[in-house]
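Presented below is the structure to which this report refers.
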Amino acid sequence: MLASKPPQDSPHHPYPAPRRTANRTAGSVRLLQLSDPHLFAQPAGQLLGITTRFSFEAVLEWALAGPDKPDALVLTGDLVHDDSPDGYRYLRRILDQTGLPYDCLAGNHDRRDLMDACLGSTSVEPVVSRRLGAWHLIFLDSANPGHNSGYLSPEQLHQLGERLAADPAPTLIFLHHHPVPVGSAWMDTMGVVNGADLLGLVAIHPQIKGMVFGHVHQAFASMRAGCRFLGAPSTCVQFLPGSKDFALDERPPGYRELLLEPDGRLETRVIRLDQYPESPLQRSGGY
């Protein structure tokens, strides 16, 4: 699968397959969330000292190791960092090679026109629904062009409400921006600005079992009104949890695994590479 070369003087090595969450029951669905790869047109392109193609491929290769293949992949935004068609074409090529279905959400660093042109039907429109096993998956485009924060339009919220009212199946909602604070002051200025409207739907639709997002470059989990709010690490650089100002974390890249049981139970965990050869540029004040 690997198309990029590892960083110079940092030989690529195989990562052992992670221990699985549990024995899967009949009818269960296993999803993998990969987020914020920040890819570049050039294979050697780096974000804050991390070669993003190499880190993305290392995470994906590790996530797919072993016999327990996922049912689908979800990429929750900030896919390409440099506004390049080649970055999106590379992403499509790598994802197509997995042979798995996948959906790609836009983040604040993405170009919707390039996503549509290069990723085709896997590029999520404002509101998209999928049925996978016993579960209802809803994808929301929270990108707000020209802003780092997210926004959901009244039309999106109306469509979301209609789909929830029409289908009582256990539901997961995916989006790029975080709809609730994650406890990092600088990052919490860039969540979904009308996240309260989204939370209002949670209160009246108990079938919503979770909202899964990217953007925060860190593991996050909380519970509100019976709904789990779940953030994921980036496949490249990590942000330091609980920081007042921009700060990087030394923890390695990773992804989130979601196991959806047919009775509506949700099991999830964050899995990181046990080692990674590159270190982020700690003295950076932002990106």
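By order in the structure tokens, chains are A, B, ...; within a chain, residues start at 1; ligands start at 1, following the order shown.
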
Taking a cut-off of 9 Å and counting only C-alpha atoms, can you build a table that, for each residue of region 90-157 of chain A near region 199-218 of chain A, reports the nearest atom pair and how far apart they are in Å (one decimal), sorted by chain then residue number, as a Markdown table?
```
| residue | atom | partner | partner_atom | distance |
| --- | --- | --- | --- | --- |
| A:Gly107 | CA | A:His215 | CA | 7.4 |
| A:Asn108 | CA | A:His215 | CA | 8.4 |
| A:Leu157 | CA | A:Leu201 | CA | 8.6 |
```

Once you have the residues from the selection above, write them out as a compact mmCIF listing (two decimals), in the first residue's frame, restricted to all heavy atoms.
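Below you can see out34.txt, which holds the result:
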```txt
# COMPACT_ATOMS: atom_id res chain seq x y z
N GLY A 107 -12.77 19.80 6.10
CA GLY A 107 -12.36 20.57 7.26
C GLY A 107 -12.08 22.00 6.86
O GLY A 107 -12.21 22.38 5.69
N ASN A 108 -11.64 22.79 7.81
CA ASN A 108 -11.39 24.20 7.53
C ASN A 108 -10.18 24.41 6.63
O ASN A 108 -10.01 25.49 6.05
CB ASN A 108 -11.21 24.99 8.82
CG ASN A 108 -10.28 24.34 9.82
OD1 ASN A 108 -10.58 23.27 10.33
ND2 ASN A 108 -9.14 24.98 10.08
N LEU A 157 -29.53 21.76 9.56
CA LEU A 157 -30.15 21.34 10.81
C LEU A 157 -31.57 20.84 10.57
O LEU A 157 -32.02 19.87 11.21
CB LEU A 157 -30.14 22.50 11.81
CG LEU A 157 -28.75 22.89 12.32
CD1 LEU A 157 -28.80 24.24 13.04
CD2 LEU A 157 -28.19 21.82 13.26
```

Fill in: helix (DSSP H, G or I) call set, DSSP backbone run, region 23-126 of chain A, as a ChimeraX atom specification
/A:52-63,85-98,112-122

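Remark: for Ile138 (chain A), the closest of the candidate residues A:Asp83, A:Asp263, A:Glu155, A:Asp167 is A:Asp167 (distances computed over only C-alpha atoms).
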
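Residues lying within 10 Å of Val74 (chain A), counting only C-alpha atoms and ignoring same-chain neighbours fewer than 4 positions away, are Leu31, Leu32, Gln33, Leu34, Ser35, Pro101, Tyr102, Asp103, Cys104, Leu105, Thr122, Phe139, Phe174, Leu175, Val212 and Arg256 of chain A.
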
Serialized selection, N, CA and C atoms, as a JSON list (two decimals), in the first residue's frame:
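Okay, result34.json is ready:
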```
[["chain", "number", "residue", "atom", "x", "y", "z"],
["A", 31, "LEU", "N", -15.98, 0.45, 12.37],
["A", 31, "LEU", "CA", -15.56, 1.63, 11.62],
["A", 31, "LEU", "C", -14.22, 2.11, 12.13],
["A", 32, "LEU", "N", -13.44, 2.69, 11.24],
["A", 32, "LEU", "CA", -12.21, 3.36, 11.63],
["A", 32, "LEU", "C", -12.31, 4.83, 11.23],
["A", 33, "GLN", "N", -12.04, 5.71, 12.19],
["A", 33, "GLN", "CA", -12.00, 7.14, 11.94],
["A", 33, "GLN", "C", -10.55, 7.59, 11.84],
["A", 34, "LEU", "N", -10.18, 8.14, 10.70],
["A", 34, "LEU", "CA", -8.87, 8.75, 10.51],
["A", 34, "LEU", "C", -9.10, 10.23, 10.27],
["A", 35, "SER", "N", -8.29, 11.07, 10.91],
["A", 35, "SER", "CA", -8.63, 12.49, 10.88],
["A", 35, "SER", "C", -7.39, 13.36, 10.70],
["A", 101, "PRO", "N", -15.17, 0.70, 1.60],
["A", 101, "PRO", "CA", -15.95, 1.93, 1.42],
["A", 101, "PRO", "C", -15.43, 3.01, 2.35],
["A", 102, "TYR", "N", -15.51, 4.25, 1.90],
["A", 102, "TYR", "CA", -15.05, 5.36, 2.75],
["A", 102, "TYR", "C", -15.82, 6.63, 2.42],
["A", 103, "ASP", "N", -15.88, 7.52, 3.40],
["A", 103, "ASP", "CA", -16.49, 8.84, 3.24],
["A", 103, "ASP", "C", -15.51, 9.88, 3.75],
["A", 104, "CYS", "N", -15.45, 11.02, 3.06],
["A", 104, "CYS", "CA", -14.51, 12.09, 3.39],
["A", 104, "CYS", "C", -15.26, 13.38, 3.68],
["A", 105, "LEU", "N", -15.04, 13.91, 4.87],
["A", 105, "LEU", "CA", -15.63, 15.18, 5.28],
["A", 105, "LEU", "C", -14.64, 16.32, 5.05],
["A", 122, "THR", "N", -17.40, 10.11, -2.81],
["A", 122, "THR", "CA", -16.96, 9.93, -1.42],
["A", 122, "THR", "C", -16.79, 11.26, -0.69],
["A", 139, "PHE", "N", -23.55, 12.18, 8.06],
["A", 139, "PHE", "CA", -22.34, 12.97, 7.87],
["A", 139, "PHE", "C", -22.74, 14.42, 7.60],
["A", 174, "PHE", "N", -21.25, 12.27, 12.22],
["A", 174, "PHE", "CA", -19.84, 12.61, 11.98],
["A", 174, "PHE", "C", -19.76, 14.03, 11.42],
["A", 175, "LEU", "N", -18.77, 14.79, 11.89],
["A", 175, "LEU", "CA", -18.50, 16.11, 11.36],
["A", 175, "LEU", "C", -17.05, 16.46, 11.66],
["A", 212, "VAL", "N", -19.08, 12.22, 16.40],
["A", 212, "VAL", "CA", -17.68, 11.89, 16.20],
["A", 212, "VAL", "C", -17.05, 12.98, 15.33],
["A", 256, "ARG", "N", -9.20, 6.44, 15.63],
["A", 256, "ARG", "CA", -10.25, 5.95, 16.53],
["A", 256, "ARG", "C", -10.96, 4.78, 15.89]]
```

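Taking CA of Gly133 (chain A) and CA of Pro262 (chain A) as the two end points, the separation is 7.2 Å.
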
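The space separating CA of Met223 (chain A) from CA of Ala134 (chain A) comes to 22.1 Å.
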
Discussion item. Need the shell around region 84-93 of chain A: protein/DNA/RNA residues with any atom at most 6 Å away, counting only C-alpha atoms. Skip same-chain ones fewer than 4 positions apart. Format as a VMD selection string?
Written reply: chain A and resid 39 to 41 80 118
